[in-house]
file final31.cif (mmCIF, C-alpha atoms)
data_start
loop_
_atom_site.label_atom_id
_atom_site.label_comp_id
_atom_site.auth_asym_id
_atom_site.auth_seq_id
_atom_site.Cartn_x
_atom_site.Cartn_y
_atom_site.Cartn_z
CA MET A 1 30.58 22.01 -47.99
CA CYS A 2 29.81 24.08 -44.94
CA PHE A 3 26.11 23.72 -45.71
CA LEU A 4 26.45 19.99 -45.47
CA THR A 5 28.39 20.28 -42.23
CA ASP A 6 25.55 22.36 -40.87
CA LEU A 7 23.19 19.67 -42.03
CA PHE A 8 25.17 17.07 -40.12
CA ASN A 9 25.17 19.18 -36.97
CA MET A 10 21.49 19.79 -37.27
CA ALA A 11 20.87 16.15 -38.03
CA ASN A 12 22.35 15.24 -34.66
CA GLN A 13 19.56 17.07 -32.93
CA PRO A 14 16.25 15.42 -32.05
CA LEU A 15 13.59 14.44 -34.53
CA PRO A 16 11.55 17.63 -35.06
CA LEU A 17 14.63 19.55 -36.15
CA SER A 18 15.62 16.97 -38.72
CA LYS A 19 12.24 17.52 -40.32
CA GLU A 20 13.17 21.16 -40.49
CA THR A 21 16.41 20.15 -42.07
CA LEU A 22 14.52 18.18 -44.66
CA ALA A 23 12.28 21.16 -45.29
CA GLN A 24 15.34 23.35 -45.64
CA PHE A 25 16.84 20.93 -48.12
CA ASN A 26 13.63 20.83 -50.07
CA HIS A 27 13.49 24.58 -50.05
CA SER A 28 17.04 24.90 -51.35
CA LEU A 29 16.29 22.29 -53.96
CA ALA A 30 13.18 24.09 -55.11
CA THR A 31 14.49 27.67 -55.04
CA GLU A 32 18.16 27.45 -56.11
CA PRO A 33 18.55 24.86 -58.76
CA GLY A 34 21.46 26.54 -60.51
CA ALA A 35 23.70 27.43 -57.62
CA SER A 36 23.55 24.10 -55.90
CA GLY A 37 25.06 22.07 -58.72
CA PRO A 38 27.45 19.98 -56.67
CA LEU A 39 25.11 20.39 -53.73
CA ARG A 40 22.25 18.94 -55.69
CA ARG A 41 24.37 15.97 -56.55
CA ARG A 42 24.96 15.42 -52.87
CA VAL A 43 21.36 16.06 -52.01
CA GLY A 44 20.33 13.78 -54.80
CA SER A 45 22.62 11.09 -53.44
CA ILE A 46 21.01 11.42 -50.05
CA SER A 47 17.58 11.20 -51.54
CA THR A 48 18.37 7.98 -53.34
CA ARG A 49 19.47 6.50 -50.09
CA ARG A 50 16.31 7.53 -48.44
CA SER A 51 14.08 5.96 -50.99
CA SER A 52 15.41 3.10 -52.97
CA LYS A 53 12.07 2.21 -54.52
CA ASP A 54 10.32 5.11 -56.23
CA GLN A 55 12.71 7.76 -57.42
CA ALA A 56 10.00 9.25 -59.63
CA THR A 57 7.52 9.83 -56.88
CA HIS A 58 10.14 11.15 -54.51
CA ARG A 59 10.52 14.60 -56.00
CA PRO A 60 6.84 15.57 -55.84
CA LEU A 61 6.89 14.49 -52.20
CA HIS A 62 9.79 16.81 -51.55
CA LEU A 63 7.94 19.74 -53.11
CA ARG A 64 4.93 18.89 -51.06
CA GLY A 65 7.17 19.10 -48.09
CA VAL A 66 7.97 22.72 -48.94
CA THR A 67 4.39 23.87 -49.04
CA GLY A 68 3.04 21.83 -46.15
CA PRO A 69 5.74 20.68 -43.75
CA SER A 70 3.14 19.46 -41.32
CA SER A 71 1.67 17.05 -43.82
CA ASP A 72 4.37 14.42 -43.58
CA SER A 73 3.29 11.45 -45.59
CA SER A 74 3.79 8.03 -44.17
CA PHE A 75 6.21 7.48 -47.02
CA LEU A 76 8.43 10.20 -45.69
CA SER A 77 8.18 9.67 -41.98
CA PRO A 78 9.98 6.34 -41.89
CA ASN A 79 12.80 7.96 -43.81
CA VAL A 80 13.01 10.69 -41.26
CA THR A 81 12.91 8.32 -38.35
CA ASN A 82 15.37 5.99 -40.00
CA SER A 83 17.80 8.79 -40.50
CA HIS A 84 17.39 9.64 -36.85
CA VAL A 85 18.29 6.08 -35.92
CA SER A 86 21.45 6.05 -37.98
CA ILE A 87 22.50 9.50 -36.83
CA GLY A 88 21.98 8.45 -33.26
CA LYS A 89 24.77 5.94 -33.77
CA ARG A 90 27.20 8.83 -34.22
CA PHE A 91 29.02 7.70 -37.35
CA SER A 92 31.50 9.95 -39.08
CA PHE A 93 30.03 11.83 -42.02
CA GLY A 94 31.12 9.24 -44.54
CA GLY A 95 29.97 6.56 -42.19
CA TRP A 96 26.62 8.26 -41.81
CA GLN A 97 25.98 7.93 -45.47
CA GLN A 98 26.90 4.29 -45.29
CA GLY A 99 24.69 3.79 -42.31
CA GLY A 100 21.95 5.49 -44.25
CA ARG A 101 22.46 3.07 -47.07
CA VAL A 102 22.06 0.12 -44.76
CA SER A 103 18.85 1.32 -43.15
CA PHE A 104 17.20 2.81 -46.17
CA SER A 105 17.90 0.40 -48.94
CA GLY A 106 15.16 -1.98 -47.92
CA LEU A 107 12.76 0.88 -47.26
CA TYR A 108 11.08 -0.68 -44.23
CA LEU A 109 7.67 0.69 -43.66
CA HIS A 110 8.03 -0.11 -39.97
CA GLN A 111 10.73 0.68 -37.49
CA PRO A 112 13.60 -1.81 -37.42
CA ILE A 113 13.75 -3.53 -34.04
CA GLN A 114 16.43 -2.02 -31.86
CA GLU A 115 18.33 -4.20 -29.44
CA ILE A 116 18.08 -3.16 -25.84
CA HIS A 117 21.53 -2.73 -24.35
CA MET A 118 21.77 -2.78 -20.57
CA GLU A 119 23.94 -0.26 -18.90
CA ASN A 120 27.03 -1.49 -17.09
CA THR A 121 26.53 -1.39 -13.35
CA TYR A 122 30.26 -1.77 -12.61
CA ARG A 123 29.32 -4.06 -9.76
CA MET A 124 31.63 -7.01 -9.08
CA GLY A 125 29.74 -8.67 -6.25
CA PRO A 126 26.50 -8.52 -4.30
CA GLU A 127 25.95 -5.72 -1.84
CA PRO A 128 26.93 -6.49 1.76
CA GLY A 129 23.94 -7.97 3.47
CA SER A 130 22.29 -9.30 0.36
CA HIS A 131 24.16 -12.56 -0.12
CA PHE A 132 22.42 -15.84 -0.67
CA ASN A 133 21.20 -16.85 2.76
CA ALA A 134 21.74 -20.59 3.00
CA SER A 135 20.23 -21.12 6.44
CA ARG A 136 17.03 -19.23 5.70
CA THR A 137 16.70 -21.05 2.40
CA GLN A 138 17.09 -24.38 4.15
CA GLN A 139 14.34 -23.49 6.60
CA ILE A 140 12.03 -22.60 3.73
CA LEU A 141 12.91 -25.82 1.92
CA LYS A 142 12.32 -28.00 4.97
CA ALA A 143 9.03 -26.30 5.79
CA THR A 144 7.80 -26.68 2.21
CA LEU A 145 8.71 -30.35 1.99
CA ASP A 146 7.18 -31.16 5.37
CA SER A 147 3.94 -29.37 4.70
CA TYR A 148 3.53 -30.75 1.20
CA LEU A 149 4.58 -34.37 1.67
CA ASP A 150 3.15 -35.07 5.09
CA GLY A 151 1.07 -38.24 4.82
CA VAL A 152 1.62 -38.65 1.08
CA CYS A 153 1.95 -42.20 -0.27
CA TYR A 154 4.08 -43.03 -3.24
CA ASN A 155 1.98 -43.30 -6.38
CA PRO A 156 3.76 -44.10 -9.64
CA GLU A 157 1.19 -42.29 -11.79
CA ASN A 158 1.26 -38.91 -10.17
CA SER A 159 4.71 -38.86 -8.58
CA SER A 160 6.37 -37.23 -11.56
CA GLN A 161 3.79 -34.45 -11.44
CA LEU A 162 4.26 -34.17 -7.71
CA CYS A 163 8.00 -33.85 -8.16
CA GLN A 164 7.70 -31.10 -10.77
CA MET A 165 5.11 -29.29 -8.70
CA LEU A 166 7.38 -29.38 -5.67
CA ALA A 167 10.26 -27.95 -7.67
CA ASP A 168 8.09 -25.10 -8.96
CA LEU A 169 6.61 -24.48 -5.53
CA VAL A 170 10.00 -24.29 -3.87
CA LEU A 171 11.23 -21.95 -6.58
CA SER A 172 8.25 -19.62 -6.22
CA LYS A 173 8.72 -19.47 -2.45
CA LEU A 174 12.41 -18.72 -2.82
CA LYS A 175 11.89 -16.08 -5.47
CA ASP A 176 10.10 -13.87 -2.93
CA ASP A 177 13.06 -14.01 -0.59
CA ASN A 178 15.76 -13.93 -3.22
CA PRO A 179 18.42 -11.20 -3.03
CA PRO A 180 18.82 -9.23 -6.27
CA ARG A 181 21.04 -10.48 -9.11
CA TYR A 182 20.93 -14.07 -7.87
CA LYS A 183 20.02 -16.95 -10.15
CA LEU A 184 18.40 -19.96 -8.49
CA VAL A 185 18.64 -23.60 -9.45
CA CYS A 186 16.39 -26.01 -7.62
CA GLN A 187 16.48 -29.80 -8.00
CA VAL A 188 14.03 -32.15 -6.34
CA VAL A 189 14.33 -35.93 -6.17
CA VAL A 190 11.30 -37.93 -5.09
CA GLY A 191 11.40 -41.69 -4.74
CA GLN A 192 9.71 -44.67 -3.25
CA SER A 193 10.93 -45.64 0.18
CA SER A 194 11.74 -49.31 -0.16
CA LYS A 195 14.77 -51.32 0.84
CA GLN A 196 17.05 -49.92 -1.84
CA GLY A 197 20.23 -47.97 -1.39
CA ILE A 198 20.55 -44.59 -3.01
CA ARG A 199 23.25 -41.95 -3.05
CA ILE A 200 22.90 -38.40 -4.30
CA ALA A 201 26.06 -36.34 -4.85
CA SER A 202 26.53 -32.89 -6.18
CA ARG A 203 29.51 -30.74 -6.97
CA SER A 204 29.62 -27.32 -8.49
CA LEU A 205 32.03 -24.88 -10.01
CA ILE A 206 30.91 -21.64 -8.45
CA ASN A 207 32.39 -18.61 -6.81
CA SER A 208 32.54 -19.46 -3.12
CA ASP A 209 32.55 -15.79 -2.08
CA THR A 210 29.19 -15.04 -3.59
CA ASP A 211 27.48 -18.34 -4.34
CA SER A 212 26.17 -21.07 -2.12
CA TYR A 213 23.85 -24.04 -1.95
CA THR A 214 21.61 -25.75 0.54
CA SER A 215 19.61 -28.93 0.73
CA ALA A 216 16.82 -30.51 2.72
CA ASP A 217 15.26 -33.93 2.84
CA PHE A 218 12.06 -35.60 3.94
CA GLN A 219 11.16 -39.21 4.54
CA ASN A 220 8.09 -41.14 5.58
CA HIS A 221 7.07 -44.79 5.33
CA SER A 222 6.49 -44.79 1.60
CA VAL A 223 8.15 -41.78 0.02
CA PHE A 224 11.36 -39.82 0.38
CA ALA A 225 12.27 -36.46 -1.10
CA VAL A 226 15.48 -34.48 -1.38
CA ALA A 227 15.62 -30.86 -2.49
CA ILE A 228 18.84 -29.04 -3.44
CA VAL A 229 18.96 -25.32 -4.13
CA HIS A 230 21.95 -23.43 -5.53
CA GLY A 231 22.12 -19.67 -5.48
CA VAL A 232 24.48 -18.25 -8.08
CA TYR A 233 25.35 -14.56 -8.39
CA CYS A 234 24.90 -13.16 -11.85
CA GLU A 235 27.77 -10.78 -12.62
CA MET B 236 30.15 -3.34 -27.03
CA ASP B 237 32.37 -5.68 -29.02
CA GLU B 238 31.87 -9.41 -28.73
CA TYR B 239 35.06 -10.90 -27.39
CA GLN B 240 33.79 -14.45 -27.76
CA THR B 241 31.92 -16.12 -30.56
CA ALA B 242 28.39 -17.29 -30.05
CA GLU B 243 29.63 -20.89 -30.02
CA GLU B 244 31.80 -20.30 -27.03
CA THR B 245 29.17 -18.61 -24.93
CA THR B 246 26.22 -20.96 -25.35
CA PHE B 247 25.44 -24.14 -23.53
CA VAL B 248 25.92 -26.98 -26.02
CA VAL B 249 23.95 -29.97 -24.83
CA ASP B 250 25.38 -32.61 -27.17
CA GLU B 251 28.96 -31.98 -26.29
CA ILE B 252 28.26 -32.13 -22.58
CA THR B 253 26.18 -35.30 -22.86
CA THR B 254 29.09 -37.04 -24.56
CA ILE B 255 31.50 -35.96 -21.86
CA ILE B 256 29.26 -37.13 -19.05
CA LYS B 257 28.51 -40.45 -20.69
CA GLU B 258 32.20 -41.21 -21.04
CA THR B 259 32.79 -40.29 -17.43
CA VAL B 260 30.01 -42.51 -16.11
CA GLU B 261 31.03 -45.45 -18.23
CA SER B 262 34.63 -45.21 -17.19
CA THR B 263 33.70 -45.06 -13.50
CA ILE B 264 30.91 -47.62 -13.08
CA GLY B 265 30.68 -49.16 -16.54
CA ASN B 266 31.32 -52.74 -15.52
CA SER B 267 30.43 -52.70 -11.86
CA SER B 268 27.53 -53.98 -9.83
CA TYR B 269 25.92 -52.06 -7.03
CA GLN B 270 28.07 -52.19 -3.92
CA HIS B 271 27.03 -50.16 -0.94
CA ASN B 272 30.55 -49.59 0.38
CA ARG B 273 31.84 -48.25 -2.92
CA ILE B 274 28.96 -46.03 -3.84
CA ASN B 275 30.36 -43.05 -1.97
CA GLN B 276 33.53 -43.22 -3.97
CA TRP B 277 31.69 -43.70 -7.26
CA THR B 278 29.42 -40.72 -6.95
CA SER B 279 32.28 -38.47 -5.86
CA SER B 280 34.45 -39.71 -8.69
CA ILE B 281 31.75 -39.21 -11.34
CA VAL B 282 30.95 -35.75 -10.16
CA GLU B 283 34.56 -34.64 -9.80
CA SER B 284 35.76 -35.95 -13.13
CA SER B 285 32.70 -34.53 -14.94
CA LEU B 286 33.37 -31.14 -13.48
CA SER B 287 37.04 -31.20 -14.39
CA GLN B 288 36.19 -32.22 -17.96
CA LEU B 289 33.66 -29.40 -18.17
CA THR B 290 36.15 -26.82 -16.97
CA LYS B 291 38.57 -28.00 -19.66
CA LEU B 292 36.06 -26.78 -22.24
CA GLY B 293 37.06 -23.30 -21.21
CA LYS B 294 33.63 -21.73 -21.55
CA PRO B 295 32.51 -18.82 -19.37
CA PHE B 296 30.07 -20.87 -17.32
CA LYS B 297 29.47 -21.82 -13.73
CA TYR B 298 28.50 -25.50 -13.51
CA ILE B 299 26.40 -27.54 -11.12
CA VAL B 300 26.71 -31.31 -11.50
CA THR B 301 24.44 -33.69 -9.63
CA CYS B 302 24.73 -37.46 -9.68
CA ILE B 303 22.20 -39.96 -8.35
CA ILE B 304 22.99 -43.65 -8.14
CA MET B 305 20.18 -45.94 -7.11
CA GLN B 306 20.08 -49.67 -6.68
CA LYS B 307 17.64 -51.50 -8.92
CA ASN B 308 15.09 -52.83 -6.52
CA GLY B 309 11.80 -52.16 -8.18
CA ALA B 310 11.38 -48.82 -6.42
CA GLY B 311 10.37 -45.74 -8.34
CA LEU B 312 12.39 -42.54 -8.63
CA HIS B 313 11.52 -39.11 -10.01
CA THR B 314 13.65 -36.05 -10.38
CA ALA B 315 12.66 -32.54 -11.33
CA SER B 316 14.37 -29.21 -11.45
CA SER B 317 13.17 -25.68 -11.80
CA CYS B 318 15.47 -22.77 -12.36
CA PHE B 319 15.31 -19.03 -12.09
CA TRP B 320 17.85 -17.95 -14.67
CA ASP B 321 18.37 -16.40 -18.06
CA ASN B 322 16.89 -18.71 -20.66
CA THR B 323 18.93 -17.34 -23.50
CA THR B 324 22.33 -18.07 -21.99
CA ASP B 325 21.86 -20.82 -19.41
CA GLY B 326 20.98 -24.45 -19.95
CA SER B 327 20.89 -27.90 -18.49
CA CYS B 328 21.25 -31.45 -19.62
CA THR B 329 20.47 -34.75 -17.93
CA LEU B 330 21.90 -38.15 -18.70
CA ARG B 331 20.20 -41.39 -17.64
CA TRP B 332 22.37 -44.45 -17.57
CA GLU B 333 21.68 -47.92 -16.25
CA ASN B 334 23.08 -51.37 -16.04
CA LYS B 335 21.71 -54.58 -14.55
CA THR B 336 21.99 -53.55 -10.93
CA MET B 337 21.75 -49.81 -10.72
CA TYR B 338 20.48 -46.59 -12.24
CA CYS B 339 22.64 -43.52 -12.62
CA ILE B 340 21.24 -40.07 -13.33
CA VAL B 341 23.65 -37.18 -13.90
CA SER B 342 22.42 -33.68 -14.48
CA VAL B 343 24.57 -30.74 -15.47
CA LEU B 344 23.39 -27.16 -15.26
CA GLY B 345 25.42 -24.36 -16.77
CA LEU B 346 24.91 -20.73 -15.82
CA ALA B 347 26.58 -18.08 -17.91
CA ILE B 348 28.82 -15.63 -16.16
#

call {"tool": "encode", "arguments": {"input": "final31.cif", "output": "structure tokens"}}
result
Amino acid sequence: MCFLTDLFNMANQPLPLSKETLAQFNHSLATEPGASGPLRRRVGSISTRRSSKDQATHRPLHLRGVTGPSSDSSFLSPNVTNSHVSIGKRFSFGGWQQGGRVSFSGLYLHQPIQEIHMENTYRMGPEPGSHFNASRTQQILKATLDSYLDGVCYNPENSSQLCQMLADLVLSKLKDDNPPRYKLVCQVVVGQSSKQGIRIASRSLINSDTDSYTSADFQNHSVFAVAIVHGVYCE
Amino acid sequence: MDEYQTAEETTFVVDEITTIIKETVESTIGNSSYQHNRINQWTSSIVESSLSQLTKLGKPFKYIVTCIIMQKNGAGLHTASSCFWDNTTDGSCTLRWENKTMYCIVSVLGLAI
């Protein structure tokens, strides 16, 4: 019982030591068959979890482990690394065995993909001084529209491309200037300047302390353009 | 970390939102012709009622709703949007509606909190 507790403690340590643990197990298995009756049952139960496929070939691999601990076969190494993964999750001892069952039963020959979990920054709002700057954004918007659309005539074939390109261009210019943790939404409307009436309205459900929007427009004899940019803080 | 909300409640569901917006537009300008003096009121009404319907969904999203109403005069119109956001959680949907005298384009963008 205490041997297994030691195993658990040792198993919590980094990878090289768990190999030692495995070697120690193998050694005990090889040298003391009689004394470790209940122990062998437990060890045997662990070994089945580690290799669900070939029980027959598992024992010779263990013995090989005793003589040459450096010669870890590829068959063994995923078991070792898998056990490290499940131990890293800090289950209770009973839970560890269960966790082992889950990882080992399929006997993946490659590492299972681990999800990346971001650390909590405990930050509720943007830092003072790095809010979304509406006036600067508007200047950038106006300058971009003026420089890009100056002298352009409305052309039904390429106007949709022009519109998309403008949206991407504005976004790339704003990304350089963007304060951290802000999401940007940019909408561009381009239309033919004829005698029609048009009205563009926008309303948003945002946090007025941290989020803002700005817009700019351009008009010449044949084309008009309106660009709206919202900056939304990502909590 | 435990998930306090199901995946359904934290994703942007386009179909549901399209239905909501369509109902809003039809109830506001469904049977009307383009009138310059009422257009202000129409766009505000569409946008406000869409937003209130969206908040009633109770999802953890910030919304941006844009409405364009244009008179049908033979002129061309193009809209585009580009967004710097998280593709896995945020989404957008656009509804195009028209009748004999005007076009109405409503776009809704949802950004996850």

call {"tool": "resolve_selection", "arguments": {"input": "final31.cif", "expression": "the PyMOL selection byres ((chain B and resi 317-321) around 7)", "output": "ChimeraX atom specification"}}
result
/A:167-168,171,183-187 /B:315-316,322-325

call {"tool": "write_last_selection", "arguments": {"input": "final31.cif", "atoms": "C-alpha atoms", "output": "PDB file, in the coordinates of the input"}}
result
ATOM      1  CA  ALA A 167      10.260 -27.950  -7.670  1.00  0.00           C
ATOM      2  CA  ASP A 168       8.090 -25.100  -8.960  1.00  0.00           C
ATOM      3  CA  LEU A 171      11.230 -21.950  -6.580  1.00  0.00           C
ATOM      4  CA  LYS A 183      20.020 -16.950 -10.150  1.00  0.00           C
ATOM      5  CA  LEU A 184      18.400 -19.960  -8.490  1.00  0.00           C
ATOM      6  CA  VAL A 185      18.640 -23.600  -9.450  1.00  0.00           C
ATOM      7  CA  CYS A 186      16.390 -26.010  -7.620  1.00  0.00           C
ATOM      8  CA  GLN A 187      16.480 -29.800  -8.000  1.00  0.00           C
TER       9      GLN A 187
ATOM     10  CA  ALA B 315      12.660 -32.540 -11.330  1.00  0.00           C
ATOM     11  CA  SER B 316      14.370 -29.210 -11.450  1.00  0.00           C
ATOM     12  CA  ASN B 322      16.890 -18.710 -20.660  1.00  0.00           C
ATOM     13  CA  THR B 323      18.930 -17.340 -23.500  1.00  0.00           C
ATOM     14  CA  THR B 324      22.330 -18.070 -21.990  1.00  0.00           C
ATOM     15  CA  ASP B 325      21.860 -20.820 -19.410  1.00  0.00           C
TER      16      ASP B 325
END

call {"tool": "atom_distance", "arguments": {"input": "final31.cif", "atom1": "atom CA of Phe296 of chain B", "atom2": "atom CA of Leu344 of chain B"}}
result
9.4 Å

call {"tool": "atom_distance", "arguments": {"input": "final31.cif", "atom1": "atom CA of Leu169 of chain A", "atom2": "atom CA of Gly345 of chain B"}}
result
21.9 Å

call {"tool": "resolve_selection", "arguments": {"input": "final31.cif", "expression": "the PyMOL selection byres ((chain A) within 6 of (chain B))", "output": "MDAnalysis selection string"}}
result
chainID A and resid 160 163:164 167:168 183:192 196:206

call {"tool": "atom_distance", "arguments": {"input": "final31.cif", "atom1": "atom CA of Gln276 of chain B", "atom2": "atom CA of Ser215 of chain A"}}
result
20.5 Å

call {"tool": "residues_around", "arguments": {"input": "final31.cif", "residues": "Pro179 of chain A", "least_positions_apart": "3", "cutoff": "8 Å", "atoms": "all atoms listed in the file", "output": "PDB file with C-alpha atoms, in the coordinates of the input"}}
result
ATOM      1  CA  SER A 130      22.290  -9.300   0.360  1.00  0.00           C
ATOM      2  CA  HIS A 131      24.160 -12.560  -0.120  1.00  0.00           C
ATOM      3  CA  PHE A 132      22.420 -15.840  -0.670  1.00  0.00           C
ATOM      4  CA  TYR A 182      20.930 -14.070  -7.870  1.00  0.00           C
TER       5      TYR A 182
END

call {"tool": "build_atoms", "arguments": {"input": "final31.cif", "residues": "segment 314-323 of chain B", "atoms": "all heavy atoms", "output": "PDB file, keeping the file's coordinate frame"}}
result
ATOM      1  N   THR B 314      12.892 -37.258 -10.666  1.00  0.00           N
ATOM      2  CA  THR B 314      13.650 -36.050 -10.380  1.00  0.00           C
ATOM      3  C   THR B 314      13.064 -34.904 -11.195  1.00  0.00           C
ATOM      4  O   THR B 314      12.536 -35.114 -12.286  1.00  0.00           O
ATOM      5  CB  THR B 314      15.140 -36.168 -10.777  1.00  0.00           C
ATOM      6  OG1 THR B 314      15.206 -36.324 -12.193  1.00  0.00           O
ATOM      7  CG2 THR B 314      15.812 -37.329 -10.130  1.00  0.00           C
ATOM      8  N   ALA B 315      13.150 -33.713 -10.619  1.00  0.00           N
ATOM      9  CA  ALA B 315      12.660 -32.540 -11.330  1.00  0.00           C
ATOM     10  C   ALA B 315      13.565 -31.381 -10.948  1.00  0.00           C
ATOM     11  O   ALA B 315      14.189 -31.382  -9.896  1.00  0.00           O
ATOM     12  CB  ALA B 315      11.222 -32.216 -10.945  1.00  0.00           C
ATOM     13  N   SER B 316      13.628 -30.404 -11.826  1.00  0.00           N
ATOM     14  CA  SER B 316      14.370 -29.210 -11.450  1.00  0.00           C
ATOM     15  C   SER B 316      13.665 -28.004 -12.012  1.00  0.00           C
ATOM     16  O   SER B 316      13.082 -28.062 -13.098  1.00  0.00           O
ATOM     17  CB  SER B 316      15.798 -29.266 -11.966  1.00  0.00           C
ATOM     18  OG  SER B 316      15.814 -29.092 -13.347  1.00  0.00           O
ATOM     19  N   SER B 317      13.706 -26.925 -11.267  1.00  0.00           N
ATOM     20  CA  SER B 317      13.170 -25.680 -11.800  1.00  0.00           C
ATOM     21  C   SER B 317      14.213 -24.603 -11.517  1.00  0.00           C
ATOM     22  O   SER B 317      14.877 -24.622 -10.488  1.00  0.00           O
ATOM     23  CB  SER B 317      11.829 -25.327 -11.162  1.00  0.00           C
ATOM     24  OG  SER B 317      11.977 -24.996  -9.822  1.00  0.00           O
ATOM     25  N   CYS B 318      14.374 -23.714 -12.460  1.00  0.00           N
ATOM     26  CA  CYS B 318      15.470 -22.770 -12.360  1.00  0.00           C
ATOM     27  C   CYS B 318      15.017 -21.351 -12.667  1.00  0.00           C
ATOM     28  O   CYS B 318      14.192 -21.144 -13.558  1.00  0.00           O
ATOM     29  CB  CYS B 318      16.565 -23.137 -13.360  1.00  0.00           C
ATOM     30  SG  CYS B 318      17.020 -24.862 -13.218  1.00  0.00           S
ATOM     31  N   PHE B 319      15.580 -20.451 -11.915  1.00  0.00           N
ATOM     32  CA  PHE B 319      15.310 -19.030 -12.090  1.00  0.00           C
ATOM     33  C   PHE B 319      16.588 -18.454 -12.691  1.00  0.00           C
ATOM     34  O   PHE B 319      17.528 -18.131 -11.972  1.00  0.00           O
ATOM     35  CB  PHE B 319      15.008 -18.441 -10.712  1.00  0.00           C
ATOM     36  CG  PHE B 319      14.685 -16.976 -10.708  1.00  0.00           C
ATOM     37  CD1 PHE B 319      13.644 -16.472 -11.478  1.00  0.00           C
ATOM     38  CD2 PHE B 319      15.402 -16.100  -9.926  1.00  0.00           C
ATOM     39  CE1 PHE B 319      13.333 -15.135 -11.468  1.00  0.00           C
ATOM     40  CE2 PHE B 319      15.096 -14.754  -9.905  1.00  0.00           C
ATOM     41  CZ  PHE B 319      14.064 -14.270 -10.672  1.00  0.00           C
ATOM     42  N   TRP B 320      16.627 -18.387 -14.021  1.00  0.00           N
ATOM     43  CA  TRP B 320      17.850 -17.950 -14.670  1.00  0.00           C
ATOM     44  C   TRP B 320      17.533 -17.258 -15.984  1.00  0.00           C
ATOM     45  O   TRP B 320      16.387 -16.928 -16.235  1.00  0.00           O
ATOM     46  CB  TRP B 320      18.787 -19.145 -14.891  1.00  0.00           C
ATOM     47  CG  TRP B 320      18.262 -20.236 -15.765  1.00  0.00           C
ATOM     48  CD1 TRP B 320      17.248 -20.167 -16.682  1.00  0.00           C
ATOM     49  CD2 TRP B 320      18.729 -21.579 -15.809  1.00  0.00           C
ATOM     50  NE1 TRP B 320      17.072 -21.377 -17.283  1.00  0.00           N
ATOM     51  CE2 TRP B 320      17.959 -22.262 -16.790  1.00  0.00           C
ATOM     52  CE3 TRP B 320      19.730 -22.274 -15.140  1.00  0.00           C
ATOM     53  CZ2 TRP B 320      18.168 -23.612 -17.093  1.00  0.00           C
ATOM     54  CZ3 TRP B 320      19.925 -23.615 -15.452  1.00  0.00           C
ATOM     55  CH2 TRP B 320      19.153 -24.269 -16.418  1.00  0.00           C
ATOM     56  N   ASP B 321      18.551 -17.053 -16.768  1.00  0.00           N
ATOM     57  CA  ASP B 321      18.370 -16.400 -18.060  1.00  0.00           C
ATOM     58  C   ASP B 321      18.285 -17.484 -19.132  1.00  0.00           C
ATOM     59  O   ASP B 321      19.261 -18.153 -19.426  1.00  0.00           O
ATOM     60  CB  ASP B 321      19.590 -15.490 -18.304  1.00  0.00           C
ATOM     61  CG  ASP B 321      19.475 -14.693 -19.584  1.00  0.00           C
ATOM     62  OD1 ASP B 321      18.551 -14.950 -20.379  1.00  0.00           O
ATOM     63  OD2 ASP B 321      20.309 -13.803 -19.782  1.00  0.00           O
ATOM     64  N   ASN B 322      17.111 -17.627 -19.702  1.00  0.00           N
ATOM     65  CA  ASN B 322      16.890 -18.710 -20.660  1.00  0.00           C
ATOM     66  C   ASN B 322      17.749 -18.641 -21.899  1.00  0.00           C
ATOM     67  O   ASN B 322      18.012 -19.665 -22.524  1.00  0.00           O
ATOM     68  CB  ASN B 322      15.421 -18.685 -21.126  1.00  0.00           C
ATOM     69  CG  ASN B 322      14.592 -19.655 -20.345  1.00  0.00           C
ATOM     70  OD1 ASN B 322      15.113 -20.609 -19.787  1.00  0.00           O
ATOM     71  ND2 ASN B 322      13.305 -19.399 -20.290  1.00  0.00           N
ATOM     72  N   THR B 323      18.177 -17.462 -22.250  1.00  0.00           N
ATOM     73  CA  THR B 323      18.930 -17.340 -23.500  1.00  0.00           C
ATOM     74  C   THR B 323      20.368 -17.831 -23.336  1.00  0.00           C
ATOM     75  O   THR B 323      20.978 -18.298 -24.293  1.00  0.00           O
ATOM     76  CB  THR B 323      18.962 -15.885 -23.961  1.00  0.00           C
ATOM     77  OG1 THR B 323      19.416 -15.081 -22.865  1.00  0.00           O
ATOM     78  CG2 THR B 323      17.590 -15.407 -24.369  1.00  0.00           C
TER      79      THR B 323
END
